[in-house]
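Note: the block below is run_15.pdb and it holds PDB, N, CA and C atoms.
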ATOM      1  N   MET X   1       0.832  -1.186   0.000  1.00  0.00           N
ATOM      2  CA  MET X   1       0.000   0.000   0.000  1.00  0.00           C
ATOM      3  C   MET X   1       0.871   1.241   0.000  1.00  0.00           C
ATOM      4  N   SER X   2       0.497   2.154  -0.807  1.00  0.00           N
ATOM      5  CA  SER X   2       1.250   3.402  -0.817  1.00  0.00           C
ATOM      6  C   SER X   2       0.416   4.487  -0.149  1.00  0.00           C
ATOM      7  N   GLU X   3       1.082   5.261   0.666  1.00  0.00           N
ATOM      8  CA  GLU X   3       0.404   6.357   1.346  1.00  0.00           C
ATOM      9  C   GLU X   3       0.581   7.630   0.541  1.00  0.00           C
ATOM     10  N   THR X   4      -0.483   8.366   0.401  1.00  0.00           N
ATOM     11  CA  THR X   4      -0.389   9.664  -0.258  1.00  0.00           C
ATOM     12  C   THR X   4      -0.657  10.728   0.790  1.00  0.00           C
ATOM     13  N   THR X   5       0.265  11.624   0.905  1.00  0.00           N
ATOM     14  CA  THR X   5       0.097  12.718   1.851  1.00  0.00           C
ATOM     15  C   THR X   5       0.144  14.025   1.089  1.00  0.00           C
ATOM     16  N   ALA X   6      -0.800  14.858   1.373  1.00  0.00           N
ATOM     17  CA  ALA X   6      -0.830  16.168   0.735  1.00  0.00           C
ATOM     18  C   ALA X   6       0.170  17.067   1.450  1.00  0.00           C
ATOM     19  N   ALA X   7       0.990  17.718   0.671  1.00  0.00           N
ATOM     20  CA  ALA X   7       1.968  18.637   1.250  1.00  0.00           C
ATOM     21  C   ALA X   7       1.228  19.876   1.748  1.00  0.00           C
ATOM     22  N   LEU X   8       1.514  20.264   2.964  1.00  0.00           N
ATOM     23  CA  LEU X   8       0.899  21.472   3.514  1.00  0.00           C
ATOM     24  C   LEU X   8       1.551  22.705   2.916  1.00  0.00           C
ATOM     25  N   PRO X   9       0.757  23.738   2.631  1.00  0.00           N
ATOM     26  CA  PRO X   9       1.344  24.970   2.108  1.00  0.00           C
ATOM     27  C   PRO X   9       2.192  25.645   3.174  1.00  0.00           C
ATOM     28  N   PRO X  10       3.156  26.457   2.764  1.00  0.00           N
ATOM     29  CA  PRO X  10       3.967  27.189   3.744  1.00  0.00           C
ATOM     30  C   PRO X  10       3.065  28.057   4.615  1.00  0.00           C
ATOM     31  N   PRO X  11       3.466  28.319   5.861  1.00  0.00           N
ATOM     32  CA  PRO X  11       2.614  29.093   6.781  1.00  0.00           C
ATOM     33  C   PRO X  11       2.141  30.428   6.223  1.00  0.00           C
ATOM     34  N   GLU X  12       2.959  31.103   5.424  1.00  0.00           N
ATOM     35  CA  GLU X  12       2.548  32.406   4.905  1.00  0.00           C
ATOM     36  C   GLU X  12       1.468  32.298   3.828  1.00  0.00           C
ATOM     37  N   GLU X  13       1.185  31.077   3.330  1.00  0.00           N
ATOM     38  CA  GLU X  13       0.147  30.890   2.328  1.00  0.00           C
ATOM     39  C   GLU X  13      -1.162  30.387   2.915  1.00  0.00           C
ATOM     40  N   VAL X  14      -1.177  30.070   4.198  1.00  0.00           N
ATOM     41  CA  VAL X  14      -2.394  29.597   4.841  1.00  0.00           C
ATOM     42  C   VAL X  14      -3.322  30.789   5.041  1.00  0.00           C
ATOM     43  N   ARG X  15      -4.554  30.686   4.579  1.00  0.00           N
ATOM     44  CA  ARG X  15      -5.474  31.827   4.625  1.00  0.00           C
ATOM     45  C   ARG X  15      -6.157  31.976   5.985  1.00  0.00           C
ATOM     46  N   LEU X  16      -6.592  30.871   6.580  1.00  0.00           N
ATOM     47  CA  LEU X  16      -7.279  30.932   7.862  1.00  0.00           C
ATOM     48  C   LEU X  16      -6.351  30.476   8.970  1.00  0.00           C
ATOM     49  N   LEU X  17      -6.235  31.287  10.018  1.00  0.00           N
ATOM     50  CA  LEU X  17      -5.315  31.014  11.116  1.00  0.00           C
ATOM     51  C   LEU X  17      -6.067  30.608  12.375  1.00  0.00           C
ATOM     52  N   ASP X  18      -5.525  29.635  13.105  1.00  0.00           N
ATOM     53  CA  ASP X  18      -6.114  29.283  14.395  1.00  0.00           C
ATOM     54  C   ASP X  18      -5.575  30.235  15.459  1.00  0.00           C
ATOM     55  N   VAL X  19      -6.087  30.096  16.673  1.00  0.00           N
ATOM     56  CA  VAL X  19      -5.729  31.027  17.750  1.00  0.00           C
ATOM     57  C   VAL X  19      -4.236  30.978  18.071  1.00  0.00           C
ATOM     58  N   HIS X  20      -3.615  29.818  17.933  1.00  0.00           N
ATOM     59  CA  HIS X  20      -2.184  29.708  18.233  1.00  0.00           C
ATOM     60  C   HIS X  20      -1.345  30.484  17.210  1.00  0.00           C
ATOM     61  N   ALA X  21      -1.730  30.400  15.936  1.00  0.00           N
ATOM     62  CA  ALA X  21      -1.011  31.139  14.894  1.00  0.00           C
ATOM     63  C   ALA X  21      -1.209  32.645  15.066  1.00  0.00           C
ATOM     64  N   VAL X  22      -2.425  33.053  15.445  1.00  0.00           N
ATOM     65  CA  VAL X  22      -2.695  34.484  15.664  1.00  0.00           C
ATOM     66  C   VAL X  22      -1.890  34.990  16.858  1.00  0.00           C
ATOM     67  N   ALA X  23      -1.852  34.206  17.928  1.00  0.00           N
ATOM     68  CA  ALA X  23      -1.079  34.597  19.116  1.00  0.00           C
ATOM     69  C   ALA X  23       0.396  34.740  18.764  1.00  0.00           C
ATOM     70  N   GLN X  24       0.902  33.841  17.951  1.00  0.00           N
ATOM     71  CA  GLN X  24       2.303  33.922  17.539  1.00  0.00           C
ATOM     72  C   GLN X  24       2.528  35.172  16.676  1.00  0.00           C
ATOM     73  N   LEU X  25       1.588  35.457  15.779  1.00  0.00           N
ATOM     74  CA  LEU X  25       1.690  36.640  14.915  1.00  0.00           C
ATOM     75  C   LEU X  25       1.688  37.925  15.738  1.00  0.00           C
ATOM     76  N   LEU X  26       0.877  37.953  16.815  1.00  0.00           N
ATOM     77  CA  LEU X  26       0.759  39.150  17.652  1.00  0.00           C
ATOM     78  C   LEU X  26       1.723  39.155  18.838  1.00  0.00           C
ATOM     79  N   SER X  27       2.467  38.082  19.014  1.00  0.00           N
ATOM     80  CA  SER X  27       3.396  37.939  20.152  1.00  0.00           C
ATOM     81  C   SER X  27       2.669  38.105  21.485  1.00  0.00           C
ATOM     82  N   CYS X  28       1.583  37.359  21.640  1.00  0.00           N
ATOM     83  CA  CYS X  28       0.823  37.394  22.887  1.00  0.00           C
ATOM     84  C   CYS X  28       0.275  35.996  23.168  1.00  0.00           C
ATOM     85  N   SER X  29      -0.466  35.865  24.251  1.00  0.00           N
ATOM     86  CA  SER X  29      -1.035  34.567  24.609  1.00  0.00           C
ATOM     87  C   SER X  29      -2.326  34.311  23.825  1.00  0.00           C
ATOM     88  N   THR X  30      -2.720  33.046  23.770  1.00  0.00           N
ATOM     89  CA  THR X  30      -3.979  32.712  23.103  1.00  0.00           C
ATOM     90  C   THR X  30      -5.159  33.340  23.839  1.00  0.00           C
ATOM     91  N   ARG X  31      -5.090  33.380  25.164  1.00  0.00           N
ATOM     92  CA  ARG X  31      -6.157  33.994  25.950  1.00  0.00           C
ATOM     93  C   ARG X  31      -6.311  35.467  25.613  1.00  0.00           C
ATOM     94  N   HIS X  32      -5.192  36.159  25.396  1.00  0.00           N
ATOM     95  CA  HIS X  32      -5.250  37.579  25.043  1.00  0.00           C
ATOM     96  C   HIS X  32      -5.892  37.769  23.665  1.00  0.00           C
ATOM     97  N   VAL X  33      -5.630  36.855  22.741  1.00  0.00           N
ATOM     98  CA  VAL X  33      -6.267  36.923  21.414  1.00  0.00           C
ATOM     99  C   VAL X  33      -7.785  36.873  21.584  1.00  0.00           C
ATOM    100  N   TYR X  34      -8.272  35.924  22.390  1.00  0.00           N
ATOM    101  CA  TYR X  34      -9.712  35.823  22.613  1.00  0.00           C
ATOM    102  C   TYR X  34     -10.259  37.077  23.292  1.00  0.00           C
ATOM    103  N   ARG X  35      -9.509  37.636  24.234  1.00  0.00           N
ATOM    104  CA  ARG X  35      -9.948  38.873  24.902  1.00  0.00           C
ATOM    105  C   ARG X  35     -10.076  40.018  23.895  1.00  0.00           C
ATOM    106  N   LEU X  36      -9.075  40.160  23.024  1.00  0.00           N
ATOM    107  CA  LEU X  36      -9.113  41.216  22.006  1.00  0.00           C
ATOM    108  C   LEU X  36     -10.314  41.033  21.076  1.00  0.00           C
ATOM    109  N   ALA X  37     -10.546  39.810  20.640  1.00  0.00           N
ATOM    110  CA  ALA X  37     -11.665  39.535  19.723  1.00  0.00           C
ATOM    111  C   ALA X  37     -13.005  39.766  20.421  1.00  0.00           C
ATOM    112  N   ASP X  38     -13.133  39.297  21.663  1.00  0.00           N
ATOM    113  CA  ASP X  38     -14.393  39.446  22.396  1.00  0.00           C
ATOM    114  C   ASP X  38     -14.726  40.908  22.686  1.00  0.00           C
ATOM    115  N   SER X  39     -13.702  41.732  22.869  1.00  0.00           N
ATOM    116  CA  SER X  39     -13.939  43.144  23.180  1.00  0.00           C
ATOM    117  C   SER X  39     -14.034  44.010  21.926  1.00  0.00           C
ATOM    118  N   GLY X  40     -13.892  43.421  20.743  1.00  0.00           N
ATOM    119  CA  GLY X  40     -14.003  44.180  19.502  1.00  0.00           C
ATOM    120  C   GLY X  40     -12.766  44.972  19.152  1.00  0.00           C
ATOM    121  N   GLN X  41     -11.643  44.643  19.769  1.00  0.00           N
ATOM    122  CA  GLN X  41     -10.414  45.391  19.511  1.00  0.00           C
ATOM    123  C   GLN X  41      -9.599  44.811  18.361  1.00  0.00           C
ATOM    124  N   MET X  42     -10.054  43.710  17.788  1.00  0.00           N
ATOM    125  CA  MET X  42      -9.394  43.122  16.626  1.00  0.00           C
ATOM    126  C   MET X  42     -10.475  42.508  15.740  1.00  0.00           C
ATOM    127  N   PRO X  43     -10.148  42.168  14.508  1.00  0.00           N
ATOM    128  CA  PRO X  43     -11.162  41.557  13.632  1.00  0.00           C
ATOM    129  C   PRO X  43     -11.763  40.302  14.263  1.00  0.00           C
ATOM    130  N   ARG X  44     -13.059  40.117  14.054  1.00  0.00           N
ATOM    131  CA  ARG X  44     -13.752  38.960  14.606  1.00  0.00           C
ATOM    132  C   ARG X  44     -13.350  37.696  13.851  1.00  0.00           C
ATOM    133  N   PRO X  45     -13.290  36.588  14.548  1.00  0.00           N
ATOM    134  CA  PRO X  45     -12.962  35.321  13.885  1.00  0.00           C
ATOM    135  C   PRO X  45     -14.156  34.765  13.133  1.00  0.00           C
ATOM    136  N   ARG X  46     -13.884  33.814  12.289  1.00  0.00           N
ATOM    137  CA  ARG X  46     -14.923  33.072  11.585  1.00  0.00           C
ATOM    138  C   ARG X  46     -15.126  31.765  12.336  1.00  0.00           C
ATOM    139  N   LYS X  47     -16.348  31.350  12.487  1.00  0.00           N
ATOM    140  CA  LYS X  47     -16.628  30.082  13.161  1.00  0.00           C
ATOM    141  C   LYS X  47     -17.037  29.063  12.108  1.00  0.00           C
ATOM    142  N   LEU X  48     -16.316  27.965  12.071  1.00  0.00           N
ATOM    143  CA  LEU X  48     -16.582  26.872  11.140  1.00  0.00           C
ATOM    144  C   LEU X  48     -16.933  25.645  11.975  1.00  0.00           C
ATOM    145  N   GLY X  49     -18.195  25.517  12.306  1.00  0.00           N
ATOM    146  CA  GLY X  49     -18.589  24.465  13.227  1.00  0.00           C
ATOM    147  C   GLY X  49     -18.004  24.781  14.590  1.00  0.00           C
ATOM    148  N   ALA X  50     -17.195  23.868  15.113  1.00  0.00           N
ATOM    149  CA  ALA X  50     -16.552  24.084  16.412  1.00  0.00           C
ATOM    150  C   ALA X  50     -15.219  24.823  16.277  1.00  0.00           C
ATOM    151  N   LEU X  51     -14.756  25.022  15.044  1.00  0.00           N
ATOM    152  CA  LEU X  51     -13.465  25.670  14.812  1.00  0.00           C
ATOM    153  C   LEU X  51     -13.610  27.187  14.815  1.00  0.00           C
ATOM    154  N   VAL X  52     -12.589  27.866  15.297  1.00  0.00           N
ATOM    155  CA  VAL X  52     -12.535  29.334  15.287  1.00  0.00           C
ATOM    156  C   VAL X  52     -11.273  29.712  14.515  1.00  0.00           C
ATOM    157  N   ARG X  53     -11.443  30.497  13.451  1.00  0.00           N
ATOM    158  CA  ARG X  53     -10.313  30.865  12.598  1.00  0.00           C
ATOM    159  C   ARG X  53     -10.386  32.347  12.238  1.00  0.00           C
ATOM    160  N   TRP X  54      -9.207  32.953  12.072  1.00  0.00           N
ATOM    161  CA  TRP X  54      -9.101  34.344  11.641  1.00  0.00           C
ATOM    162  C   TRP X  54      -8.549  34.376  10.235  1.00  0.00           C
ATOM    163  N   ASP X  55      -9.021  35.337   9.432  1.00  0.00           N
ATOM    164  CA  ASP X  55      -8.545  35.518   8.066  1.00  0.00           C
ATOM    165  C   ASP X  55      -7.195  36.228   8.102  1.00  0.00           C
ATOM    166  N   ARG X  56      -6.173  35.615   7.524  1.00  0.00           N
ATOM    167  CA  ARG X  56      -4.817  36.175   7.540  1.00  0.00           C
ATOM    168  C   ARG X  56      -4.785  37.562   6.895  1.00  0.00           C
ATOM    169  N   GLU X  57      -5.425  37.722   5.736  1.00  0.00           N
ATOM    170  CA  GLU X  57      -5.389  39.012   5.037  1.00  0.00           C
ATOM    171  C   GLU X  57      -6.047  40.112   5.886  1.00  0.00           C
ATOM    172  N   GLU X  58      -7.145  39.780   6.534  1.00  0.00           N
ATOM    173  CA  GLU X  58      -7.839  40.745   7.384  1.00  0.00           C
ATOM    174  C   GLU X  58      -6.958  41.158   8.564  1.00  0.00           C
ATOM    175  N   LEU X  59      -6.268  40.189   9.168  1.00  0.00           N
ATOM    176  CA  LEU X  59      -5.370  40.503  10.284  1.00  0.00           C
ATOM    177  C   LEU X  59      -4.182  41.351   9.826  1.00  0.00           C
ATOM    178  N   GLU X  60      -3.609  41.010   8.678  1.00  0.00           N
ATOM    179  CA  GLU X  60      -2.462  41.774   8.180  1.00  0.00           C
ATOM    180  C   GLU X  60      -2.866  43.204   7.851  1.00  0.00           C
ATOM    181  N   LYS X  61      -4.063  43.399   7.294  1.00  0.00           N
ATOM    182  CA  LYS X  61      -4.551  44.754   7.009  1.00  0.00           C
ATOM    183  C   LYS X  61      -4.768  45.506   8.316  1.00  0.00           C
ATOM    184  N   TRP X  62      -5.354  44.836   9.316  1.00  0.00           N
ATOM    185  CA  TRP X  62      -5.592  45.442  10.629  1.00  0.00           C
ATOM    186  C   TRP X  62      -4.273  45.878  11.254  1.00  0.00           C
ATOM    187  N   LEU X  63      -3.245  45.040  11.176  1.00  0.00           N
ATOM    188  CA  LEU X  63      -1.927  45.388  11.713  1.00  0.00           C
ATOM    189  C   LEU X  63      -1.315  46.561  10.949  1.00  0.00           C
ATOM    190  N   ALA X  64      -1.426  46.536   9.611  1.00  0.00           N
ATOM    191  CA  ALA X  64      -0.861  47.609   8.789  1.00  0.00           C
ATOM    192  C   ALA X  64      -1.553  48.951   9.056  1.00  0.00           C
ATOM    193  N   ASP X  65      -2.845  48.900   9.422  1.00  0.00           N
ATOM    194  CA  ASP X  65      -3.608  50.124   9.710  1.00  0.00           C
ATOM    195  C   ASP X  65      -3.376  50.639  11.122  1.00  0.00           C
ATOM    196  N   GLY X  66      -2.512  49.959  11.883  1.00  0.00           N
ATOM    197  CA  GLY X  66      -2.203  50.417  13.224  1.00  0.00           C
ATOM    198  C   GLY X  66      -3.113  49.844  14.302  1.00  0.00           C
ATOM    199  N   CYS X  67      -3.767  48.734  14.027  1.00  0.00           N
ATOM    200  CA  CYS X  67      -4.619  48.024  15.003  1.00  0.00           C
ATOM    201  C   CYS X  67      -5.773  48.866  15.514  1.00  0.00           C
ATOM    202  N   PRO X  68      -6.599  49.436  14.613  1.00  0.00           N
ATOM    203  CA  PRO X  68      -7.739  50.223  15.079  1.00  0.00           C
ATOM    204  C   PRO X  68      -8.799  49.322  15.721  1.00  0.00           C
ATOM    205  N   VAL X  69      -9.621  49.888  16.597  1.00  0.00           N
ATOM    206  CA  VAL X  69     -10.716  49.145  17.218  1.00  0.00           C
ATOM    207  C   VAL X  69     -11.701  48.741  16.115  1.00  0.00           C
ATOM    208  N   CYS X  70     -12.213  47.527  16.177  1.00  0.00           N
ATOM    209  CA  CYS X  70     -13.046  46.981  15.102  1.00  0.00           C
ATOM    210  C   CYS X  70     -14.524  46.882  15.434  1.00  0.00           C
ATOM    211  N   ARG X  71     -14.992  47.557  16.431  1.00  0.00           N
ATOM    212  CA  ARG X  71     -16.420  47.447  16.801  1.00  0.00           C
ATOM    213  C   ARG X  71     -17.324  47.983  15.773  1.00  0.00           C
TER     214      ARG X  71
END

For the file at hand, write its structure as structure tokens.
Amino acid sequence: MSETTAALPPPEEVRLLDVHAVAQLLSCSTRHVYRLADSGQMPRPRKLGALVRWDREELEKWLADGCPVCR
């Protein structure tokens, strides 16, 4: 039997980020990411069933704009 494994794209090409990737991008804890999102201080995540993901492009634009409040 031969196994086929799909090669994962490089991290910079992944469009949806989990809380750990966002925390690493922002240099903070995962709990702080949730606090920022819950208080409207960063872009809201997308919920895919039980999964919570942030759009990389939206986060990068938010960072480039100086992290304005997103309420």

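If you look at atom CA of X:Arg31 and atom CA of X:Asp18, they are 12.5 Å away from each other.
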
Practice prompt. Tell me which residues the PyMOL selection byres (((chain X and resi 56 and name CA) around 9) and name CA) grabs here, as a PyMOL selection string.
Written response: chain X and resi 12-17+22+54-55+57-61

Item to complete: Enter the distance from atom N of X:Ala7 to atom N of X:Ala21, in Å, rounded to one decimal.
Response: 20.0 Å

Box for stretch 53-69 of chain X - axis-aligned, 6 Å on each of the six sides, all listed atoms - centre and size in Å to one decimal, as JSON.
{"center_x": -6.3, "center_y": 40.6, "center_z": 11.1, "size_x": 22.8, "size_y": 32.1, "size_z": 24.2}

Worksheet entry | Computed interatomic separation between atom N of X:Val19 and atom C of X:Ser39 (Å) | 16.9 Å

Item to complete: Specify as number ranges by chain each residue included when the PyMOL selection byres ((chain X and resi 71) around 6.5) is applied to this file.
Response: X: 40-42, 68-70
